[in-house]
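Trainee: Here it is, the structure, as structure tokens.
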Amino acid sequence: MAFTHRKETRPVKVGNVMVGGKNEVVIQSMTTTKTHDVDATVNEILRLEEAGCQIVRVACPDERAANAIPEIKKRINIPLVVDIHFNYKLALKAIEGGADKIRINPGNIGKREKVEAVVNAAKKKRIPIRIGVNAGSLERHIIEKYGYPTADGMVESALHHIQILEDLDFHDIIVSLKASDVPLAIEAYEKAAEKIPYPLHLGITESGTLFAGTVKSAAGLGAILSKGIGNTMRISLSADPVEEVKVARELLKSFGLASNAATLISCPTCGRIEIDLISIANEVEEYISTIKAPIKVAVLGCAVNGPGEAREADIGIAGARGEGLLFRHGEIIRKVPEDTMVEELKVEVDKIAEEYFAQ
Ligand code: SF4
């Protein structure tokens with residue numbers, strides 16, 4: 001069963017990527033370099049692009065960072081989001097410099113003229129604004145009202161910022177409601193989906209290291225996605241951001257929400273194992289990571305239960321005493337020598353991917 005988006009939100013254009021509406025969930029990440037270091041930032045973004053990142057965000061803490069935006073834009077291929085806190089001058093500079101979206105909370109900008117200046121500049125360039133609500137930095141009046149960060153408080157904060165933009169007739173809005181507490185984030189996104197007609201950007205903030213953060217993000221975002229909520233997402237990890245993209249893609253694949261990525265099915269191994277399955281599975285996973293077709297590839301330790309256990313696989317191999325069995329949709333197509341079976345599998349994978357694109 002493939003999950004679909006329950007909420008039909010307003011579609012919002014970020015550069016050449018549509019977010020919301022009937023579009024697939026878009027994968028985002030954020031650079032870890034100093035934004036003013038253009039070479040380092042561009043290199044990281046190009047690595048993210050290769051991994052499947054569809055929108056990238058950079059921090060803009062100062063003027064040096066804002067000044068780097070035009071040069072970064074020139075050298076990358078995916079939409080660029082510029083993240084600004086409070087400073088409307090940096091927002092104006094980022095917009096002027098070619099940002100495809102800015103992340104700033106209008107309620108934090110200050111005087112109305114400043115908010116208007118930013119909104120008018122965004123309107124002129126037809127770029128959206130992301131409102132980023134974070135449970136850890138809710139406005140004082142909201143904390144006073146609720147006593148501590150709650151889902152209702154987070155949604156109220158989002159609605160407060162949305163109202164400011166709507167009053168200025170601005171509607172190209174994307175909203176995030178991040179918390180590092182998983183149940184709180186789930187509740188906040190559920191409540192937001194009921195009240196907010198704009199696309200929701202999902203994230204569990206400060207989720208931790210590669211291992212712990214992956215589990216925590218998958219638990220939280222998986223629960224949210226399973227309710228049909230979410231239009232774009234970032235996995236936040238204390239790790240190379242390329243890992244964030246890999247985790248996001250894997251998560252979307254688990255829900256049948258990624259039409260541009262191949263999936264590996266591999267068995268957990270048991271006493272019947274006939275091949276060095278773990279290293280083969282890792283090699284095949286790496287190989288298919290750049291394939292942009294939704295094909296399923298299986299790697300199984302033995303032929304006893306193997307092919308039958310992976311009937312949904314478009315292609316697979318199973319170990320069989322010194323050789324491998326190549327199979328498609330559970331049917332064995334031929335035997336291959338063990339030392340060449342991975343190479344033969346790769347050739348078959350390429351053929352199936354080509355067939356998919358030729359359809
Ligand atoms: Fe065990 Fe074979 Fe199943 Fe792998 S495919 S778990 S080796 S029975």
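So you can find residues: chains in the structure tokens are A, B, ... in the order shown, residues in each start at 1, and ligands are numbered from 1 in order.
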How would you write, as number ranges by chain, the set of residues in region 239-313 of chain A that DSSP gives as strand (DSSP E)?
Mentor: A: 263-266, 296-300
Trainee: Could you save those same residues with N, CA and C atoms as an mmCIF file, in the first residue's frame?
Mentor:
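Result file is out_25.cif:
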```cif
data_model
loop_
_atom_site.group_PDB
_atom_site.id
_atom_site.type_symbol
_atom_site.label_atom_id
_atom_site.label_comp_id
_atom_site.auth_asym_id
_atom_site.auth_seq_id
_atom_site.Cartn_x
_atom_site.Cartn_y
_atom_site.Cartn_z
ATOM 1 N N THR A 263 15.400 0.446 -4.317
ATOM 2 C CA THR A 263 15.363 -0.089 -2.949
ATOM 3 C C THR A 263 16.081 -1.437 -2.882
ATOM 4 N N LEU A 264 16.824 -1.628 -1.807
ATOM 5 C CA LEU A 264 17.486 -2.920 -1.598
ATOM 6 C C LEU A 264 16.675 -3.748 -0.609
ATOM 7 N N ILE A 265 16.473 -5.011 -0.978
ATOM 8 C CA ILE A 265 15.869 -5.961 -0.045
ATOM 9 C C ILE A 265 16.997 -6.932 0.292
ATOM 10 N N SER A 266 17.346 -7.068 1.560
ATOM 11 C CA SER A 266 18.394 -8.058 1.873
ATOM 12 C C SER A 266 17.965 -8.811 3.124
ATOM 13 N N LYS A 296 13.344 -2.585 -7.332
ATOM 14 C CA LYS A 296 13.680 -3.290 -6.098
ATOM 15 C C LYS A 296 14.700 -4.375 -6.415
ATOM 16 N N VAL A 297 15.770 -4.383 -5.649
ATOM 17 C CA VAL A 297 16.874 -5.313 -5.889
ATOM 18 C C VAL A 297 17.065 -6.137 -4.609
ATOM 19 N N ALA A 298 17.127 -7.459 -4.768
ATOM 20 C CA ALA A 298 17.249 -8.310 -3.577
ATOM 21 C C ALA A 298 18.598 -9.011 -3.515
ATOM 22 N N VAL A 299 19.096 -9.175 -2.320
ATOM 23 C CA VAL A 299 20.317 -9.943 -2.082
ATOM 24 C C VAL A 299 20.002 -10.887 -0.928
ATOM 25 N N LEU A 300 20.026 -12.188 -1.210
ATOM 26 C CA LEU A 300 19.587 -13.150 -0.204
ATOM 27 C C LEU A 300 20.653 -14.215 0.045
#
```
Trainee: Could the residues that lie within 9 Å of ligand 1, counting only C-alpha atoms and all ligand atoms, be listed as a ChimeraX atom specification?
Mentor: /A:266-275,277,299-310,318-319
Trainee: Between CA of Ala51 (chain A) and CA of Ser289 (chain A), what is the distance, to one decimal in Å?
Mentor: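 Computing it gives 7.8 Å between the two atoms.
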Trainee: Counting only C-alpha atoms, what is within 6 Å of region 21-36 of chain A, bar same-chain residues fewer than 3 positions away, as a PDB file with N, CA and C atoms, in the first residue's frame?
Mentor:
```
ATOM      1  N   GLU A   8      -4.163  18.282   1.015  1.00  0.00           N
ATOM      2  CA  GLU A   8      -3.819  18.958  -0.226  1.00  0.00           C
ATOM      3  C   GLU A   8      -3.513  20.401   0.103  1.00  0.00           C
ATOM      4  N   THR A   9      -2.269  20.707   0.195  1.00  0.00           N
ATOM      5  CA  THR A   9      -1.888  22.064   0.566  1.00  0.00           C
ATOM      6  C   THR A   9      -1.713  22.913  -0.688  1.00  0.00           C
ATOM      7  N   ARG A  10      -1.589  24.182  -0.459  1.00  0.00           N
ATOM      8  CA  ARG A  10      -1.306  25.102  -1.555  1.00  0.00           C
ATOM      9  C   ARG A  10       0.083  24.744  -2.120  1.00  0.00           C
ATOM     10  N   PRO A  11       0.203  24.607  -3.465  1.00  0.00           N
ATOM     11  CA  PRO A  11       1.539  24.356  -4.001  1.00  0.00           C
ATOM     12  C   PRO A  11       2.385  25.631  -3.960  1.00  0.00           C
ATOM     13  N   THR A  41      31.385  25.603   0.686  1.00  0.00           N
ATOM     14  CA  THR A  41      29.914  25.491   0.678  1.00  0.00           C
ATOM     15  C   THR A  41      29.427  24.875  -0.629  1.00  0.00           C
ATOM     16  N   CYS A  53      19.724  15.286  -2.752  1.00  0.00           N
ATOM     17  CA  CYS A  53      19.116  16.445  -2.082  1.00  0.00           C
ATOM     18  C   CYS A  53      18.437  17.323  -3.141  1.00  0.00           C
ATOM     19  N   GLN A  54      17.221  17.778  -2.848  1.00  0.00           N
ATOM     20  CA  GLN A  54      16.469  18.520  -3.860  1.00  0.00           C
ATOM     21  C   GLN A  54      16.391  20.018  -3.582  1.00  0.00           C
ATOM     22  N   ILE A  55      16.573  20.386  -2.314  1.00  0.00           N
ATOM     23  CA  ILE A  55      16.610  21.809  -1.925  1.00  0.00           C
ATOM     24  C   ILE A  55      17.657  21.904  -0.818  1.00  0.00           C
ATOM     25  N   VAL A  56      18.493  22.944  -0.857  1.00  0.00           N
ATOM     26  CA  VAL A  56      19.514  23.056   0.177  1.00  0.00           C
ATOM     27  C   VAL A  56      19.397  24.406   0.902  1.00  0.00           C
ATOM     28  N   ARG A  57      19.698  24.370   2.190  1.00  0.00           N
ATOM     29  CA  ARG A  57      19.611  25.598   2.995  1.00  0.00           C
ATOM     30  C   ARG A  57      20.986  25.953   3.521  1.00  0.00           C
ATOM     31  N   VAL A  58      21.269  27.242   3.525  1.00  0.00           N
ATOM     32  CA  VAL A  58      22.520  27.701   4.124  1.00  0.00           C
ATOM     33  C   VAL A  58      22.185  28.704   5.230  1.00  0.00           C
ATOM     34  N   ARG A  64      28.918  38.774   5.578  1.00  0.00           N
ATOM     35  CA  ARG A  64      29.827  38.001   4.717  1.00  0.00           C
ATOM     36  C   ARG A  64      29.070  36.835   4.073  1.00  0.00           C
ATOM     37  N   ALA A  65      28.219  36.195   4.876  1.00  0.00           N
ATOM     38  CA  ALA A  65      27.434  35.064   4.356  1.00  0.00           C
ATOM     39  C   ALA A  65      26.465  35.564   3.278  1.00  0.00           C
ATOM     40  N   ALA A  68      27.932  36.146  -0.036  1.00  0.00           N
ATOM     41  CA  ALA A  68      28.372  34.954  -0.781  1.00  0.00           C
ATOM     42  C   ALA A  68      27.242  34.329  -1.603  1.00  0.00           C
ATOM     43  N   ASN A 231       5.245  17.774   3.246  1.00  0.00           N
ATOM     44  CA  ASN A 231       5.491  18.093   1.847  1.00  0.00           C
ATOM     45  C   ASN A 231       6.970  18.213   1.521  1.00  0.00           C
ATOM     46  N   THR A 232       7.749  18.453   2.552  1.00  0.00           N
ATOM     47  CA  THR A 232       9.188  18.527   2.385  1.00  0.00           C
ATOM     48  C   THR A 232       9.775  18.144   3.739  1.00  0.00           C
ATOM     49  N   MET A 233      11.004  17.636   3.745  1.00  0.00           N
ATOM     50  CA  MET A 233      11.557  17.205   5.020  1.00  0.00           C
ATOM     51  C   MET A 233      13.066  17.304   5.065  1.00  0.00           C
ATOM     52  N   ARG A 234      13.561  17.502   6.276  1.00  0.00           N
ATOM     53  CA  ARG A 234      14.997  17.410   6.510  1.00  0.00           C
ATOM     54  C   ARG A 234      15.218  16.510   7.716  1.00  0.00           C
TER      55      ARG A 234
END
```
Trainee: Please identify the helix (DSSP H, G or I) residues within region 56-265 of chain A (assignment by DSSP from backbone atoms) and present them as an mmCIF file with C-alpha atoms, in the first residue's frame.
Mentor:
```
data_model
loop_
_atom_site.group_PDB
_atom_site.id
_atom_site.type_symbol
_atom_site.label_atom_id
_atom_site.label_comp_id
_atom_site.auth_asym_id
_atom_site.auth_seq_id
_atom_site.Cartn_x
_atom_site.Cartn_y
_atom_site.Cartn_z
ATOM 1 C CA GLU A 63 26.927 40.103 5.967
ATOM 2 C CA ARG A 64 29.827 38.001 4.717
ATOM 3 C CA ALA A 65 27.434 35.064 4.356
ATOM 4 C CA ALA A 66 24.805 37.200 2.598
ATOM 5 C CA ASN A 67 27.458 38.528 0.198
ATOM 6 C CA ALA A 68 28.372 34.954 -0.781
ATOM 7 C CA ILE A 69 24.842 34.036 -1.954
ATOM 8 C CA PRO A 70 25.147 35.197 -5.612
ATOM 9 C CA GLU A 71 28.372 33.251 -6.173
ATOM 10 C CA ILE A 72 27.006 30.101 -4.474
ATOM 11 C CA LYS A 73 23.840 30.317 -6.570
ATOM 12 C CA LYS A 74 25.842 30.490 -9.777
ATOM 13 C CA ARG A 75 27.693 27.283 -9.043
ATOM 14 C CA TYR A 88 15.842 42.123 7.851
ATOM 15 C CA LYS A 89 18.836 43.676 6.081
ATOM 16 C CA LEU A 90 20.395 40.245 5.662
ATOM 17 C CA ALA A 91 17.047 38.967 4.369
ATOM 18 C CA LEU A 92 16.909 41.755 1.781
ATOM 19 C CA LYS A 93 20.476 41.076 0.721
ATOM 20 C CA ALA A 94 19.822 37.322 0.424
ATOM 21 C CA ILE A 95 16.718 37.932 -1.682
ATOM 22 C CA GLU A 96 18.600 40.385 -3.889
ATOM 23 C CA PRO A 106 8.147 37.625 10.254
ATOM 24 C CA GLY A 107 7.105 38.149 13.870
ATOM 25 C CA ASN A 108 10.784 38.326 14.823
ATOM 26 C CA ARG A 112 6.208 46.777 10.412
ATOM 27 C CA GLU A 113 8.225 48.720 7.784
ATOM 28 C CA LYS A 114 10.985 46.147 8.029
ATOM 29 C CA VAL A 115 8.547 43.244 7.653
ATOM 30 C CA GLU A 116 6.951 44.989 4.677
ATOM 31 C CA ALA A 117 10.340 45.556 3.059
ATOM 32 C CA VAL A 118 11.163 41.837 3.272
ATOM 33 C CA VAL A 119 7.719 40.718 2.124
ATOM 34 C CA ASN A 120 7.729 43.147 -0.809
ATOM 35 C CA ALA A 121 11.191 42.002 -1.880
ATOM 36 C CA ALA A 122 10.081 38.347 -1.700
ATOM 37 C CA LYS A 123 6.937 39.171 -3.691
ATOM 38 C CA LYS A 124 8.951 40.977 -6.343
ATOM 39 C CA LYS A 125 11.265 38.002 -6.798
ATOM 40 C CA ALA A 135 9.607 24.263 20.387
ATOM 41 C CA GLY A 136 12.800 25.479 22.038
ATOM 42 C CA SER A 137 12.374 29.106 21.018
ATOM 43 C CA ARG A 140 7.474 34.617 25.433
ATOM 44 C CA HIS A 141 3.709 35.308 25.289
ATOM 45 C CA ILE A 142 3.097 31.744 24.125
ATOM 46 C CA ILE A 143 5.250 30.194 26.835
ATOM 47 C CA GLU A 144 3.483 32.398 29.390
ATOM 48 C CA LYS A 145 0.103 31.238 28.100
ATOM 49 C CA TYR A 146 0.881 27.504 27.989
ATOM 50 C CA ALA A 151 1.743 21.464 20.309
ATOM 51 C CA ASP A 152 -1.046 24.037 20.639
ATOM 52 C CA GLY A 153 1.523 26.694 21.487
ATOM 53 C CA MET A 154 3.640 25.770 18.467
ATOM 54 C CA VAL A 155 0.645 25.924 16.134
ATOM 55 C CA GLU A 156 -0.416 29.237 17.678
ATOM 56 C CA SER A 157 3.064 30.602 17.042
ATOM 57 C CA ALA A 158 2.928 29.444 13.413
ATOM 58 C CA LEU A 159 -0.514 31.006 12.932
ATOM 59 C CA HIS A 160 0.748 34.271 14.430
ATOM 60 C CA HIS A 161 3.574 34.489 11.867
ATOM 61 C CA ILE A 162 1.284 33.346 9.039
ATOM 62 C CA GLN A 163 -1.200 36.089 9.916
ATOM 63 C CA ILE A 164 1.499 38.732 9.556
ATOM 64 C CA LEU A 165 2.295 37.521 6.036
ATOM 65 C CA GLU A 166 -1.348 37.090 5.029
ATOM 66 C CA ASP A 167 -2.132 40.625 6.216
ATOM 67 C CA VAL A 182 9.169 13.095 19.144
ATOM 68 C CA PRO A 183 5.602 12.892 20.572
ATOM 69 C CA LEU A 184 5.487 16.714 20.717
ATOM 70 C CA ALA A 185 6.571 17.043 17.089
ATOM 71 C CA ILE A 186 4.008 14.464 15.960
ATOM 72 C CA GLU A 187 1.199 16.228 17.797
ATOM 73 C CA ALA A 188 2.271 19.641 16.522
ATOM 74 C CA TYR A 189 2.336 18.534 12.882
ATOM 75 C CA GLU A 190 -1.013 16.754 13.242
ATOM 76 C CA LYS A 191 -2.609 19.872 14.668
ATOM 77 C CA ALA A 192 -0.925 22.092 12.102
ATOM 78 C CA ALA A 193 -2.199 19.903 9.258
ATOM 79 C CA GLU A 194 -5.759 20.571 10.462
ATOM 80 C CA LYS A 195 -5.364 24.331 10.514
ATOM 81 C CA LEU A 210 23.956 9.309 12.761
ATOM 82 C CA PHE A 211 22.682 6.205 14.551
ATOM 83 C CA ALA A 212 20.478 7.688 17.284
ATOM 84 C CA GLY A 213 19.280 10.576 15.120
ATOM 85 C CA THR A 214 18.299 8.243 12.306
ATOM 86 C CA VAL A 215 16.180 6.121 14.628
ATOM 87 C CA LYS A 216 14.608 9.152 16.287
ATOM 88 C CA SER A 217 13.873 10.922 13.005
ATOM 89 C CA ALA A 218 12.483 7.771 11.427
ATOM 90 C CA ALA A 219 10.215 7.221 14.434
ATOM 91 C CA GLY A 220 8.903 10.791 14.446
ATOM 92 C CA LEU A 221 8.773 11.591 10.765
ATOM 93 C CA GLY A 222 7.567 8.084 9.948
ATOM 94 C CA ALA A 223 4.579 8.597 12.231
ATOM 95 C CA ILE A 224 3.837 11.963 10.633
ATOM 96 C CA LEU A 225 4.273 10.731 7.050
ATOM 97 C CA SER A 226 2.068 7.722 7.777
ATOM 98 C CA PRO A 241 24.687 16.166 5.739
ATOM 99 C CA VAL A 242 24.934 13.643 2.900
ATOM 100 C CA GLU A 243 23.810 11.114 5.529
ATOM 101 C CA GLU A 244 20.704 13.257 6.151
ATOM 102 C CA VAL A 245 19.756 12.914 2.506
ATOM 103 C CA LYS A 246 20.345 9.168 2.488
ATOM 104 C CA VAL A 247 18.186 8.689 5.584
ATOM 105 C CA ALA A 248 15.416 10.918 4.191
ATOM 106 C CA ARG A 249 15.343 8.980 0.953
ATOM 107 C CA GLU A 250 15.281 5.644 2.720
ATOM 108 C CA LEU A 251 12.431 6.828 4.909
ATOM 109 C CA LEU A 252 10.399 8.032 1.938
ATOM 110 C CA LYS A 253 11.035 4.742 0.148
ATOM 111 C CA SER A 254 9.641 2.839 3.142
#
```
Trainee: Write out as JSON, numbers by chain each polymer residue whose atoms come within 8 Å of Asn134 (chain A), counting only C-alpha atoms; drop sequence neighbours fewer than 6 positions from it.
Mentor: {"A": [154, 176, 177, 178, 179]}
Trainee: With distances taken over only C-alpha atoms, which residue among A:Leu80, A:Tyr148, A:Val12, A:Gln359 lies nearest Pro197 (chain A)?
Mentor: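 Checking each of A:Leu80, A:Tyr148, A:Val12, A:Gln359 against Pro197 (chain A), counting only C-alpha atoms, the winner is A:Val12.
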Trainee: Report, in Å with one decimal, the straight-line distance from CA of Ile196 (chain A) to CA of Val14 (chain A).
Mentor: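 It comes out at 18.7 Å.
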